[in-house]
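Peer 1: My structure file coords31.cif, mmCIF, C-alpha atoms; chains and numbers go by the auth columns, is below:
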```cif
data_upload
loop_
_atom_site.group_PDB
_atom_site.id
_atom_site.type_symbol
_atom_site.label_atom_id
_atom_site.label_comp_id
_atom_site.label_asym_id
_atom_site.label_seq_id
_atom_site.Cartn_x
_atom_site.Cartn_y
_atom_site.Cartn_z
_atom_site.B_iso_or_equiv
_atom_site.auth_seq_id
_atom_site.auth_asym_id
ATOM 1 C CA MET A 1 3.463 22.836 2.925 0.00 301 O
ATOM 2 C CA ASP A 2 4.646 20.021 0.687 0.00 302 O
ATOM 3 C CA ILE A 3 1.572 17.850 0.326 0.00 303 O
ATOM 4 C CA SER A 4 3.531 15.295 -1.673 0.00 304 O
ATOM 5 C CA GLU A 5 5.853 14.415 1.221 0.00 305 O
ATOM 6 C CA THR A 6 5.292 10.982 2.733 0.00 306 O
ATOM 7 C CA TYR A 7 6.101 10.241 6.345 0.00 307 O
ATOM 8 C CA ALA A 8 6.808 6.980 8.092 0.00 308 O
ATOM 9 C CA CYS A 9 4.536 6.664 11.107 0.00 309 O
ATOM 10 C CA LYS A 10 3.658 4.096 13.734 0.00 310 O
ATOM 11 C CA PRO A 11 0.966 1.595 12.820 0.00 311 O
ATOM 12 C CA GLU A 12 -2.127 2.137 14.954 0.00 312 O
ATOM 13 C CA PRO A 13 -2.649 -0.943 17.174 0.00 313 O
ATOM 14 C CA GLY A 14 -6.437 -0.853 16.671 0.00 314 O
ATOM 15 C CA ASP A 15 -6.304 -0.754 12.871 0.00 315 O
ATOM 16 C CA ARG A 16 -8.657 -3.238 11.227 0.00 316 O
ATOM 17 C CA VAL A 17 -5.852 -4.505 9.023 0.00 317 O
ATOM 18 C CA PHE A 18 -4.471 -6.404 12.014 0.00 318 O
ATOM 19 C CA GLU A 19 -7.832 -8.064 12.620 0.00 319 O
ATOM 20 C CA THR A 20 -7.687 -9.478 9.074 0.00 320 O
ATOM 21 C CA LEU A 21 -4.264 -11.023 9.678 0.00 321 O
ATOM 22 C CA PRO A 22 -3.962 -12.529 13.167 0.00 322 O
ATOM 23 C CA GLY A 23 -0.471 -13.524 14.182 0.00 323 O
ATOM 24 C CA PHE A 24 1.263 -11.023 11.891 0.00 324 O
ATOM 25 C CA HIS A 25 5.045 -10.759 12.244 0.00 325 O
ATOM 26 C CA TYR A 26 5.765 -7.388 10.645 0.00 326 O
ATOM 27 C CA SER A 27 3.977 -4.076 10.164 0.00 327 O
ATOM 28 C CA ASP A 28 4.724 -0.563 8.976 0.00 328 O
ATOM 29 C CA ALA A 29 2.810 2.563 8.068 0.00 329 O
ATOM 30 C CA PHE A 30 3.248 5.672 5.943 0.00 330 O
ATOM 31 C CA ARG A 31 1.052 8.722 5.678 0.00 331 O
ATOM 32 C CA ILE A 32 0.559 11.669 3.415 0.00 332 O
ATOM 33 C CA ARG A 33 -1.427 14.858 3.862 0.00 333 O
ATOM 34 C CA ILE A 34 -4.375 15.500 1.601 0.00 334 O
ATOM 35 C CA ALA A 35 -5.016 19.219 1.077 0.00 335 O
ATOM 36 C CA ALA A 36 -8.287 20.729 2.307 0.00 336 O
ATOM 37 C CA ALA A 37 -9.180 21.691 -1.277 0.00 337 O
ATOM 38 C CA ASP A 38 -8.873 18.063 -2.392 0.00 338 O
ATOM 39 C CA GLY A 39 -12.390 16.683 -1.973 0.00 339 O
ATOM 40 C CA ARG A 40 -11.792 13.244 -3.477 0.00 340 O
ATOM 41 C CA THR A 41 -13.284 10.200 -1.799 0.00 341 O
ATOM 42 C CA LEU A 42 -11.200 7.241 -0.680 0.00 342 O
ATOM 43 C CA GLU A 43 -12.239 5.342 -3.814 0.00 343 O
ATOM 44 C CA GLN A 44 -11.032 8.212 -6.000 0.00 344 O
ATOM 45 C CA LEU A 45 -7.762 8.352 -4.096 0.00 345 O
ATOM 46 C CA MET A 46 -7.281 4.604 -4.584 0.00 346 O
ATOM 47 C CA ALA A 47 -7.860 4.971 -8.324 0.00 347 O
ATOM 48 C CA ALA A 48 -5.120 7.628 -8.455 0.00 348 O
ATOM 49 C CA ARG A 49 -2.455 5.467 -6.797 0.00 349 O
ATOM 50 C CA GLY A 50 -1.940 3.443 -9.967 0.00 350 O
ATOM 51 C CA THR A 51 1.152 1.475 -10.828 0.00 351 O
ATOM 52 C CA GLY A 52 4.119 3.360 -12.240 0.00 352 O
ATOM 53 C CA HIS A 53 6.688 2.127 -14.739 0.00 353 O
ATOM 54 C CA LEU A 54 9.282 1.452 -12.024 0.00 354 O
ATOM 55 C CA GLU A 55 6.814 -0.647 -10.020 0.00 355 O
ATOM 56 C CA LYS A 56 5.906 -2.685 -13.100 0.00 356 O
ATOM 57 C CA MET A 57 9.563 -3.267 -13.897 0.00 357 O
ATOM 58 C CA LEU A 58 10.297 -4.362 -10.309 0.00 358 O
ATOM 59 C CA ALA A 59 7.289 -6.703 -10.370 0.00 359 O
ATOM 60 C CA ARG A 60 8.482 -8.384 -13.564 0.00 360 O
ATOM 61 C CA LEU A 61 11.976 -8.785 -12.089 0.00 361 O
ATOM 62 C CA ARG A 62 10.486 -10.245 -8.895 0.00 362 O
ATOM 63 C CA ASP A 63 8.455 -12.717 -10.958 0.00 363 O
ATOM 64 C CA ARG A 64 11.553 -13.938 -12.804 0.00 364 O
ATOM 65 C CA LEU A 65 13.568 -14.356 -9.612 0.00 365 O
ATOM 66 C CA THR A 66 10.826 -16.127 -7.638 0.00 366 O
ATOM 67 C CA ALA A 67 9.393 -18.339 -10.406 0.00 367 O
ATOM 68 C CA PRO A 68 11.552 -21.340 -9.388 0.00 368 O
ATOM 69 C CA PHE A 69 10.020 -21.140 -5.894 0.00 369 O
ATOM 70 C CA GLY A 70 6.411 -21.317 -7.130 0.00 370 O
ATOM 71 C CA LEU A 71 5.296 -17.862 -5.936 0.00 371 O
ATOM 72 C CA LYS A 72 2.298 -16.181 -7.509 0.00 372 O
ATOM 73 C CA PRO A 73 3.326 -13.827 -10.328 0.00 373 O
ATOM 74 C CA ILE A 74 2.425 -10.165 -9.895 0.00 374 O
ATOM 75 C CA GLY A 75 4.069 -8.379 -12.836 0.00 375 O
ATOM 76 C CA LYS A 76 1.645 -9.305 -15.594 0.00 376 O
ATOM 77 C CA ALA A 77 -1.397 -8.359 -13.558 0.00 377 O
ATOM 78 C CA GLY A 78 -0.256 -4.811 -12.804 0.00 378 O
ATOM 79 C CA MET A 79 0.750 -5.473 -9.187 0.00 379 O
ATOM 80 C CA ALA A 80 -2.242 -7.706 -8.562 0.00 380 O
ATOM 81 C CA PRO A 81 -3.007 -10.379 -7.084 0.00 381 O
ATOM 82 C CA PHE A 82 -3.971 -8.043 -4.240 0.00 382 O
ATOM 83 C CA GLU A 83 -7.707 -8.353 -3.797 0.00 383 O
ATOM 84 C CA THR A 84 -10.104 -6.312 -1.716 0.00 384 O
ATOM 85 C CA VAL A 85 -10.448 -8.023 1.668 0.00 385 O
ATOM 86 C CA GLU A 86 -12.694 -5.482 3.439 0.00 386 O
ATOM 87 C CA ARG A 87 -14.226 -2.067 2.847 0.00 387 O
ATOM 88 C CA HIS A 88 -15.315 0.286 5.563 0.00 388 O
ATOM 89 C CA GLU A 89 -16.150 3.969 5.561 0.00 389 O
ATOM 90 C CA GLY A 90 -12.804 5.693 5.136 0.00 390 O
ATOM 91 C CA GLU A 91 -10.801 2.475 4.844 0.00 391 O
ATOM 92 C CA VAL A 92 -10.087 -0.263 2.331 0.00 392 O
ATOM 93 C CA ILE A 93 -7.965 -3.347 2.991 0.00 393 O
ATOM 94 C CA PHE A 94 -6.263 -5.292 0.219 0.00 394 O
ATOM 95 C CA GLY A 95 -4.599 -8.663 0.671 0.00 395 O
ATOM 96 C CA VAL A 96 -2.815 -11.580 -0.889 0.00 396 O
ATOM 97 C CA GLY A 97 -1.698 -14.918 0.447 0.00 397 O
ATOM 98 C CA ASP A 98 1.078 -17.134 -0.825 0.00 398 O
ATOM 99 C CA ARG A 99 3.134 -20.064 0.427 0.00 399 O
ATOM 100 C CA HIS A 100 5.799 -17.806 1.915 0.00 400 O
ATOM 101 C CA ALA A 101 3.723 -14.987 3.417 0.00 401 O
ATOM 102 C CA ASP A 102 0.287 -13.415 3.756 0.00 402 O
ATOM 103 C CA VAL A 103 0.121 -9.664 3.226 0.00 403 O
ATOM 104 C CA ARG A 104 -2.494 -7.017 3.987 0.00 404 O
ATOM 105 C CA ILE A 105 -2.300 -3.343 3.132 0.00 405 O
ATOM 106 C CA ALA A 106 -4.903 -0.921 4.381 0.00 406 O
ATOM 107 C CA TYR A 107 -5.489 2.616 3.179 0.00 407 O
ATOM 108 C CA ALA A 108 -7.325 4.751 5.734 0.00 408 O
ATOM 109 C CA LEU A 109 -8.487 8.310 5.137 0.00 409 O
ATOM 110 C CA SER A 110 -9.012 10.413 8.246 0.00 410 O
ATOM 111 C CA GLY A 111 -10.268 13.927 8.744 0.00 411 O
ATOM 112 C CA ALA A 112 -13.370 15.824 7.745 0.00 412 O
ATOM 113 C CA ALA A 113 -14.108 16.896 4.182 0.00 413 O
ATOM 114 C CA GLY A 114 -13.017 20.488 3.579 0.00 414 O
ATOM 115 C CA THR A 115 -10.112 20.204 6.034 0.00 415 O
ATOM 116 C CA GLU A 116 -6.618 18.861 5.600 0.00 416 O
ATOM 117 C CA ARG A 117 -6.917 15.087 5.812 0.00 417 O
ATOM 118 C CA THR A 118 -4.438 12.245 6.190 0.00 418 O
ATOM 119 C CA LEU A 119 -4.191 9.120 4.062 0.00 419 O
ATOM 120 C CA ARG A 120 -2.351 6.335 5.873 0.00 420 O
ATOM 121 C CA ALA A 121 -1.088 3.122 4.276 0.00 421 O
ATOM 122 C CA THR A 122 -0.551 0.345 6.830 0.00 422 O
ATOM 123 C CA THR A 123 0.997 -2.984 5.893 0.00 423 O
ATOM 124 C CA ALA A 124 0.907 -6.207 7.908 0.00 424 O
ATOM 125 C CA VAL A 125 2.769 -9.397 6.976 0.00 425 O
ATOM 126 C CA ARG A 126 2.436 -12.893 8.397 0.00 426 O
ATOM 127 C CA LEU A 127 5.375 -15.125 7.530 0.00 427 O
ATOM 128 C CA ASN A 128 4.533 -18.737 6.741 0.00 428 O
ATOM 129 C CA ASN A 129 8.011 -20.263 6.575 0.00 429 O
ATOM 130 C CA ALA A 130 11.746 -19.541 6.574 0.00 430 O
ATOM 131 C CA PHE A 131 11.646 -18.529 2.909 0.00 431 O
ATOM 132 C CA GLY A 132 9.103 -15.862 3.882 0.00 432 O
ATOM 133 C CA ARG A 133 11.579 -14.348 6.334 0.00 433 O
ATOM 134 C CA VAL A 134 14.295 -14.151 3.682 0.00 434 O
ATOM 135 C CA TYR A 135 11.828 -12.824 1.120 0.00 435 O
ATOM 136 C CA LEU A 136 10.673 -10.082 3.510 0.00 436 O
ATOM 137 C CA MET A 137 14.248 -8.937 4.200 0.00 437 O
ATOM 138 C CA VAL A 138 14.974 -8.712 0.466 0.00 438 O
ATOM 139 C CA ILE A 139 11.693 -7.061 -0.537 0.00 439 O
ATOM 140 C CA LEU A 140 11.328 -4.453 2.256 0.00 440 O
ATOM 141 C CA PRO A 141 13.357 -1.655 0.599 0.00 441 O
ATOM 142 C CA PHE A 142 11.247 -2.070 -2.549 0.00 442 O
ATOM 143 C CA HIS A 143 8.036 -2.185 -0.503 0.00 443 O
ATOM 144 C CA PHE A 144 8.962 1.150 1.118 0.00 444 O
ATOM 145 C CA LEU A 145 9.701 2.634 -2.289 0.00 445 O
ATOM 146 C CA ILE A 146 6.464 1.402 -3.876 0.00 446 O
ATOM 147 C CA VAL A 147 4.146 2.510 -1.061 0.00 447 O
ATOM 148 C CA ARG A 148 5.757 5.952 -0.895 0.00 448 O
ATOM 149 C CA ARG A 149 5.566 6.348 -4.682 0.00 449 O
ATOM 150 C CA GLN A 150 1.887 5.398 -4.653 0.00 450 O
ATOM 151 C CA LEU A 151 1.128 7.939 -1.933 0.00 451 O
ATOM 152 C CA LYS A 152 3.068 10.631 -3.791 0.00 452 O
ATOM 153 C CA ARG A 153 1.229 9.768 -7.024 0.00 453 O
ATOM 154 C CA ILE A 154 -2.069 10.333 -5.198 0.00 454 O
ATOM 155 C CA ALA A 155 -0.902 13.775 -4.053 0.00 455 O
ATOM 156 C CA LEU A 156 0.452 14.637 -7.498 0.00 456 O
ATOM 157 C CA VAL A 157 -2.887 13.885 -9.136 0.00 457 O
ATOM 158 C CA ALA A 158 -4.519 16.244 -6.635 0.00 458 O
ATOM 159 C CA CYS A 159 -2.031 19.026 -7.440 0.00 459 O
ATOM 160 C CA ILE A 160 -2.546 18.650 -11.177 0.00 460 O
ATOM 161 C CA GLY A 161 -6.336 18.675 -10.724 0.00 461 O
ATOM 162 C CA GLN A 162 -6.211 21.863 -8.650 0.00 462 O
ATOM 163 C CA ASN A 163 -4.134 23.708 -11.279 0.00 463 O
ATOM 164 C CA GLU A 164 -6.465 22.992 -14.210 0.00 464 O
#
```
Could you take the file, read its structure, and then write that structure out as structure tokens?

Peer 2:
Amino acid sequence: MDISETYACKPEPGDRVFETLPGFHYSDAFRIRIAAADGRTLEQLMAARGTGHLEKMLARLRDRLTAPFGLKPIGKAGMAPFETVERHEGEVIFGVGDRHADVRIAYALSGAAGTERTLRATTAVRLNNAFGRVYLMVILPFHFLIVRRQLKRIALVACIGQNE
């Protein structure tokens, strides 16, 4: 079993992330398996997702390209300005709003401790104008890359911890 493999999956219609962003126009979801021996909490998993060098480089490039349009910079803040919108048992929702789009990303951990669990990352986007539509089309391949890399980084940290 390759616990570091991410899978695209269908967003769950009842996910809380959609309640935080009524009228969303786009959504996607990815999941990764968390091994039964990995007893980390959701907060510990979130701390392990980090921001890799590639993500930081892409964020700085994005900031340079979008600066003339007045979008919030994200590169200097380490992929912020995502802020915690809601916390629930087994789920945390981060969000950011800008002139072009409002974005929410939820990380939900399912399964009982001591069993193989699933961590799912669900994204919802509400487009605020035509520029938002163009922006979403351009950014989607990078979004897929970043979310998958974060999920894999979480699994990698677990593997390293189990081998020590």

Peer 1: Taking the file as shown, what set of residues would the PyMOL selection byres ((chain O and resi 406-415) around 9) give back, as JSON, numbers by chain?

Peer 2: {"O": [315, 316, 317, 334, 335, 336, 337, 338, 339, 340, 341, 342, 346, 389, 390, 391, 392, 393, 394, 395, 404, 405, 416, 417, 418, 419, 420, 421, 422, 423, 424]}

Peer 1: Could you please determine the separation between atom CA of O:Ile446 and atom CA of O:Thr306 in Å, to one decimal place?

Peer 2: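 Between these atoms lies a distance of 11.7 Å.
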
Peer 1: Counting all atoms listed in the file, which of O:Ala348, O:Val385, O:Leu321, O:Ala367 gets nearest to O:Leu427?

Peer 2: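 That would be O:Leu321, the residue with the smallest distance to O:Leu427.
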
Peer 1: Could you check which of O:Ile332, O:Tyr326, O:Pro313, O:His400 is closest to O:Asn428, using only C-alpha atoms?

Peer 2: O:His400

Peer 1: Apply the PyMOL selection byres ((chain O and resi 311) around 6) to the file shown and report the selected residues as number ranges by chain.

Peer 2: O: 310, 312, 328-329

Peer 1: Tell me, as a PyMOL selection string, which residues lie within 12 Å of O:Leu445, counting all atoms listed in the file; anything in the same chain fewer than 6 positions away does not count.

Peer 2: chain O and resi 306+308+330+352+354-355+358+439+451-452

Peer 1: Between atom CA of O:His353 and atom CA of O:Tyr435, what is the spacing in Å?

Peer 2: 22.4 Å

Peer 1: Work out how far atom CA of O:Phe318 is from atom CA of O:Leu436, in Å to one decimal.

Peer 2: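 Between atom CA of O:Leu436 and atom CA of O:Phe318 the gap is 17.8 Å.
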
Peer 1: Name the residues that the PyMOL selection byres ((chain O and resi 370-374) around 12) pulls out of this structure, and write them as a PyMOL selection string.

Peer 2: chain O and resi 351+355-369+375-383+396-402+431-432+435

Peer 1: Restricting the calculation to all atoms listed in the file: of O:Arg349, O:His325, O:Thr320, O:Cys309, which residue gets closest to O:Arg453?

Peer 2: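 Closest to O:Arg453 of all the choices is O:Arg349.
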
Peer 1: How would stretch 365-376 of chain O of the given structure read as a file with C-alpha atoms, as an mmCIF file, in the first residue's frame?

Peer 2:
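What follows is the written file decode-v8.cif:
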```cif
data_model
loop_
_atom_site.group_PDB
_atom_site.id
_atom_site.type_symbol
_atom_site.label_atom_id
_atom_site.label_comp_id
_atom_site.auth_asym_id
_atom_site.auth_seq_id
_atom_site.Cartn_x
_atom_site.Cartn_y
_atom_site.Cartn_z
ATOM 1 C CA LEU O 365 2.055 38.559 -12.310
ATOM 2 C CA THR O 366 -1.053 39.680 -10.404
ATOM 3 C CA ALA O 367 0.348 42.806 -8.708
ATOM 4 C CA PRO O 368 -0.959 45.123 -11.469
ATOM 5 C CA PHE O 369 -4.477 43.797 -10.788
ATOM 6 C CA GLY O 370 -4.395 44.611 -7.058
ATOM 7 C CA LEU O 371 -4.662 41.029 -5.751
ATOM 8 C CA LYS O 372 -3.506 40.189 -2.251
ATOM 9 C CA PRO O 373 0.090 38.921 -2.225
ATOM 10 C CA ILE O 374 0.640 35.401 -0.916
ATOM 11 C CA GLY O 375 4.331 34.670 -1.537
ATOM 12 C CA LYS O 376 5.870 36.649 1.301
#
```
